[in-house]
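Peer 1: What follows is a structure written as structure tokens; I'll ask about it next.
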Amino acid sequence: MTTRDNLQLLSAIERKVLWLASWMIHNANHLRENTDGLKVGGHQASSASLATIMTALYFDVLKPQDRIAVKPHASPIFHAIQYLLGKQTRERLENFRGYKGAQSYPSRTKDADDVDFSTGSVGLGVAQTLFSSLVQDYVRAHGWGTDRPEGRMVALVGDAELDEGNIFEALLEGWKHGLRNCWWIIDYNRQSLDAVVREGLWERYEQLFKNFGWNVVIVKYGSLQQAAFKEPGGDKLKAWIDNCPNPLYSALVFAGGAAWRKRLNDEIGDQGDVSRLIEKRSDAELAALMNNLGGHDLPALLDAFNNAKSDKPTCFICYTVKGFGLPMAGHKDNHAGLMTPAQMDAYRTAQNVREGHEWDKFEGLPVAGDKLQAFLDRVPFAQGGNRRLEAPSIAVPDKLGITIQPTMSTQAGFGNILNEVGRGDGDFAKRIVTTSPDVTVSTNLGPWVNRRGLFAHEATPDTFRNERIPSTFNWEFSPQGQHIELGIAEANLFITLSALGLSHTINGVRLLPVGTLYDPFIARGLDQLNYACYQDARFMVVATPSGITLAGEGGAHQSIAEPMIGMAQDGLAMFEPAFVDELAVVMRWAFDYMQKSGGEMSERNWLRDETGGSVYLRLSTRPVEQIQRAMTPDLEQDIVDGAYWLRKPGPNAQVVVAYTGAIAPEAIEAVGLMAEDRRDVGLLAITSADRLNAGWTAAQRARERGLVHARSHIERLLEDVPTHCGIVTVLDGHPATLAWLGAVNGHRTRALGVEHFGQTGALADLYRHYGIDANAIVAAAQGIAPGRPIRHLKVL
């Protein structure tokens, strides 16, 4: 139970938190030098509505093992709290939203203070807490991390964030997997960015969460209101509050005590008891009473939070006022509003803050600074030391075993490689966890799941197997299972991968997550994928089938832009191997790369390989004749760096064909046709357009900084290709993916690929239709490097 003395201290801290957050924003917009003339912003009103809730949580309720995702627009409140706890500097607060200052929205990778989950793209941090709770259960069910107490995963949610569909997709998945230890605290200020929310929305929220098995706690009335309701006439006041429309309540908050008095007297006055209840209070006291919603009342909040003892997921609907305590409180236009200098001067005076002492931790507070500091020093949340945990790397075998058939697809190769890994019983096999949005079998994870099982809190046998009905797959659930089966929602897949890929720092337990989905549906979870990478989560996403491989299913299941998504996404290394031996090399490297941290760029390839990241494999269902060859260390390195010569061009080469992925047979055939009439034709196998381009770009920057020796992998590969030689690039995706190759050394280039939604039909028909078959490659070569007509070229 919170003592009266602690309430006094918490109240003082709440006041200081709101002041610091408001001053931080004011300083950024009105006092700091502005060189570009743009508004800096900072959401003073949206911050203010969470000041009391966050004070109660951080300074009383939360424990060191708890993790919290802060509503994006409450970032200034978060930074102010971290400053009081000694985890943020004044310099960074003064540079809020400036270069390398405290970030606009809490960021694990950009902020210096203790951010558990990045937020910013609304709703994603909310869903992250749900999946992080499931990951905590997964880790503990496997016997890891049990030396630490279970933590609660807490999300501070703006009520307008609940318009985001991914939140409801996550709720359903949480229900399926028996979610525990998760709190969502809704800042129910009944305002969105542009308006006031619909009436009765809280009832929909309440029923929705209950339907998914959550406890729901409504924190509506503050202690002042609760006391007033006990007075004669208080029941009528309570009924009026309950029936007051959201826009009117917000307008009266903004208008103040006199407006409250007039409205209450007009609508419920002249009734004796309730009139006396109103009249006994001054305008200021009446405004304080009517603004005393539960989300701004420390006793009400502490009572709600500290009485939630169950591990059952809990939703707190906390009634608040947007802009509480500030001049724009309640106004529907306050979302991006800023206090004027005059308003800030008045606010400073009201807070007893002297000019020049605005950043002082205890300035203007009615409690002695040493007493407040002693209280801060014993805050439970801050007692556990560094909350960014560490976990040792998992040793990866030197080679991943696989038997390569004469003809295979890379998707089949992926399944076979994981199946071979699944035969082992070492730490490497145990730390791999797979997940998929209901396409486990069709992305070739079936053999792995047969060996390692599906994860669930409780064991569930495979009914078909028990009933002796033949089935290819053994679908048994248990706490030791290593596959998390998701519903058809790619957003959930990428948030799950984000949570799994942060386990080493959240739970102190290293996992090696692998997620599979259909390549065209990368775009359905793109915001979540970007969010996962922004947090520096580590995972492998395997997308298959690529391009127009599913020829019979048409454009809906055919991907075009995905290679460029893989190239453009920061924190994600994209590969598109054509052959299974290449895939085995890439996967072995990827499991190691996912665990890297720190370090500088490699001067060998100018890539950030020592820093590490996540990996995207774009695979195909197309069976391709495999190359019989020895996998040498040099070839392995070239494959990882992004390309190698399958046929090195000679000194008189007129044409080089550069391909990536499943189009390999057409590229090989085209080179064979041209070799009959041209000498020294080259064939460049590109395993990663992403890494080739990133290395080239980085090497150019290095040379511009004076490192004249810097050369990237693609520059070394092309350095001996004659300048008069033309390059034809081809892939089963957008041609811009490889079109930049000609700029490396100034070679004339023709880029082939797919630019429009796919047709249905046989693969040969589609390749011919889009101009990426062998004949089209030869024709393109003829166009950029004319030679004698190719004798076997078909005229279309």
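By convention in this document, the chains of the structure tokens carry letters A, B, ... by their order, each chain's residues are numbered from 1, and ligands are numbered from 1 in the order they are shown.
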Can you list, as a list of chain:residue names, every protein, DNA or RNA residue that comes within 10 Å of A:Leu454 when you count only C-alpha atoms, leaving out same-chain residues fewer than 4 positions away?

Peer 2: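 Within the cut-off, the hits are A:Val433, A:Thr434, A:Thr435, A:Trp448, A:Val449, A:Asn450, A:Ala459, A:Thr460, A:Asn474, A:Trp475, A:Glu476, A:Phe477, A:Ser478, A:Pro479, A:Gln480, A:Gly481, A:Gln482, A:His483, A:Ile484, A:Glu485.
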
Peer 1: Contacts of stretch 120-122 of chain A at 7 Å or less, counting only C-alpha atoms, minus same-chain residues fewer than 3 places along, as a PyMOL selection string?

Peer 2: chain A and resi 72+105+161

Peer 1: Restricting the output to C-alpha atoms, write the selected residues as a short mmCIF file (atom, residue, chain, number, x, y, z; two decimals), in the first residue's frame.

Peer 2:
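The result, stored in again-v5.cif:
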```
data_model
loop_
_atom_site.label_atom_id
_atom_site.label_comp_id
_atom_site.auth_asym_id
_atom_site.auth_seq_id
_atom_site.Cartn_x
_atom_site.Cartn_y
_atom_site.Cartn_z
CA PRO A 72 4.82 7.43 -29.14
CA TYR A 105 9.54 8.69 -30.15
CA GLU A 161 -4.12 3.73 -31.60
#
```

Peer 1: When distances are computed from only C-alpha atoms, which of A:Ile506, A:Ile268, A:Ala543, A:Leu208 shows the smallest separation from A:Val115?

Peer 2: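 Counting only C-alpha atoms, the residue closest to A:Val115 is A:Ile506.
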
Peer 1: What's around A:Leu301 at 10 Å? Count only C-alpha atoms, leave out sequence neighbours fewer than 6 positions away in its own chain, and write the answer as a PyMOL selection string.

Peer 2: chain A and resi 52-53+55-57+61+219-223+294-295+307+316+318

Peer 1: Point out the residue among A:Thr440, A:Lys596, A:Ala489, A:Arg538 with the least atom-to-atom distance to A:Gly501, counting only C-alpha atoms.

Peer 2: A:Arg538

Peer 1: Which polymer residues have any atom within 10 Å of an atom of stretch 364-378 of chain A, counting only C-alpha atoms, with same-chain residues fewer than 5 positions away left out, as a list in words?

Peer 2: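 Surrounding residues, per the criterion: Asn6, Gln8, Leu9, Leu10, Ser11, Ala12, Ile13, Arg15, Lys16, Phe59, Asp60, Leu84, Leu85, Gly86, Arg348, Thr349, Ala350, Gln351, Asn352, Val353, Arg354, His357, Glu358 and Gln383 of chain A.
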
Peer 1: Just give me the gap between atom CA of A:Asn745 and atom CA of A:Val721 in Å, one decimal is fine.

Peer 2: 8.8 Å

Peer 1: With distances taken over only C-alpha atoms, which residue among A:Leu572, A:Met290, A:Leu326, A:Leu162 lies nearest A:Phe209?

Peer 2: A:Leu162

Peer 1: May I ask for the distance between atom CA of A:Ile77 and atom CA of A:Thr340, given in Å to one decimal place?

Peer 2: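 Between atom CA of A:Ile77 and atom CA of A:Thr340 the gap is 19.5 Å.
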
Peer 1: In Å, how far is it from atom CA of A:Asn215 to atom CA of A:Glu150?

Peer 2: 18.9 Å

Peer 1: In terms of the shortest atom-to-atom distance over only C-alpha atoms, which of A:Ala685, A:Gln225, A:Gln82, A:His331 is closest to A:Leu635?

Peer 2: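 Answer, going by the shortest atom-to-atom distance: A:Ala685.
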
Peer 1: Taking 3 positions as the minimum chain separation for residues in the same chain, which residues sit within 12 Å of A:Lys262 when counting only C-alpha atoms? Answer as a list in words.

Peer 2: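 Listed by chain and then number, they are Leu252, Ala255, Gly256, Gly257, Ala258, Ala259, Asn265, Asp266, Glu267, Ile268, Gly269, Ser275, Ile278, Glu279, Asp283, Leu286 and Ala287 of chain A.
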
Peer 1: Can you spit out the residues from that selection as a PDB file, in the first residue's frame, using C-alpha atoms?

Peer 2:
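The new file part.pdb reads:
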```pdb
ATOM      1  CA  LEU A 252     -15.897  22.207 -20.689  1.00  0.00           C
ATOM      2  CA  ALA A 255     -13.494  26.392 -20.882  1.00  0.00           C
ATOM      3  CA  GLY A 256     -12.866  26.075 -17.137  1.00  0.00           C
ATOM      4  CA  GLY A 257     -14.671  26.361 -13.798  1.00  0.00           C
ATOM      5  CA  ALA A 258     -17.230  29.043 -14.688  1.00  0.00           C
ATOM      6  CA  ALA A 259     -18.325  27.055 -17.747  1.00  0.00           C
ATOM      7  CA  ASN A 265     -26.551  24.415 -12.883  1.00  0.00           C
ATOM      8  CA  ASP A 266     -28.465  24.506 -16.170  1.00  0.00           C
ATOM      9  CA  GLU A 267     -28.794  20.748 -16.387  1.00  0.00           C
ATOM     10  CA  ILE A 268     -28.860  19.356 -12.841  1.00  0.00           C
ATOM     11  CA  GLY A 269     -29.104  22.436 -10.608  1.00  0.00           C
ATOM     12  CA  SER A 275     -26.891  22.426  -6.077  1.00  0.00           C
ATOM     13  CA  ILE A 278     -21.771  22.581  -6.747  1.00  0.00           C
ATOM     14  CA  GLU A 279     -22.073  25.883  -4.928  1.00  0.00           C
ATOM     15  CA  ASP A 283     -14.678  27.826  -9.832  1.00  0.00           C
ATOM     16  CA  LEU A 286     -15.131  22.819  -9.311  1.00  0.00           C
ATOM     17  CA  ALA A 287     -12.795  22.573 -12.316  1.00  0.00           C
TER      18      ALA A 287
END
```

Peer 1: With only C-alpha atoms as the atoms that count, which of A:Arg647, A:Lys71, A:His177, A:His769 lies nearest to A:Ala160?

Peer 2: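 For A:Ala160, the nearest of the candidates is A:Lys71.
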
Peer 1: Among the residues of stretch 509-675 of chain A, find those DSSP assigns to helix (DSSP H, G or I) from the backbone and print them as number ranges by chain.

Peer 2: A: 519-534, 551-553, 555-557, 562-568, 580-593, 633-641, 661-675
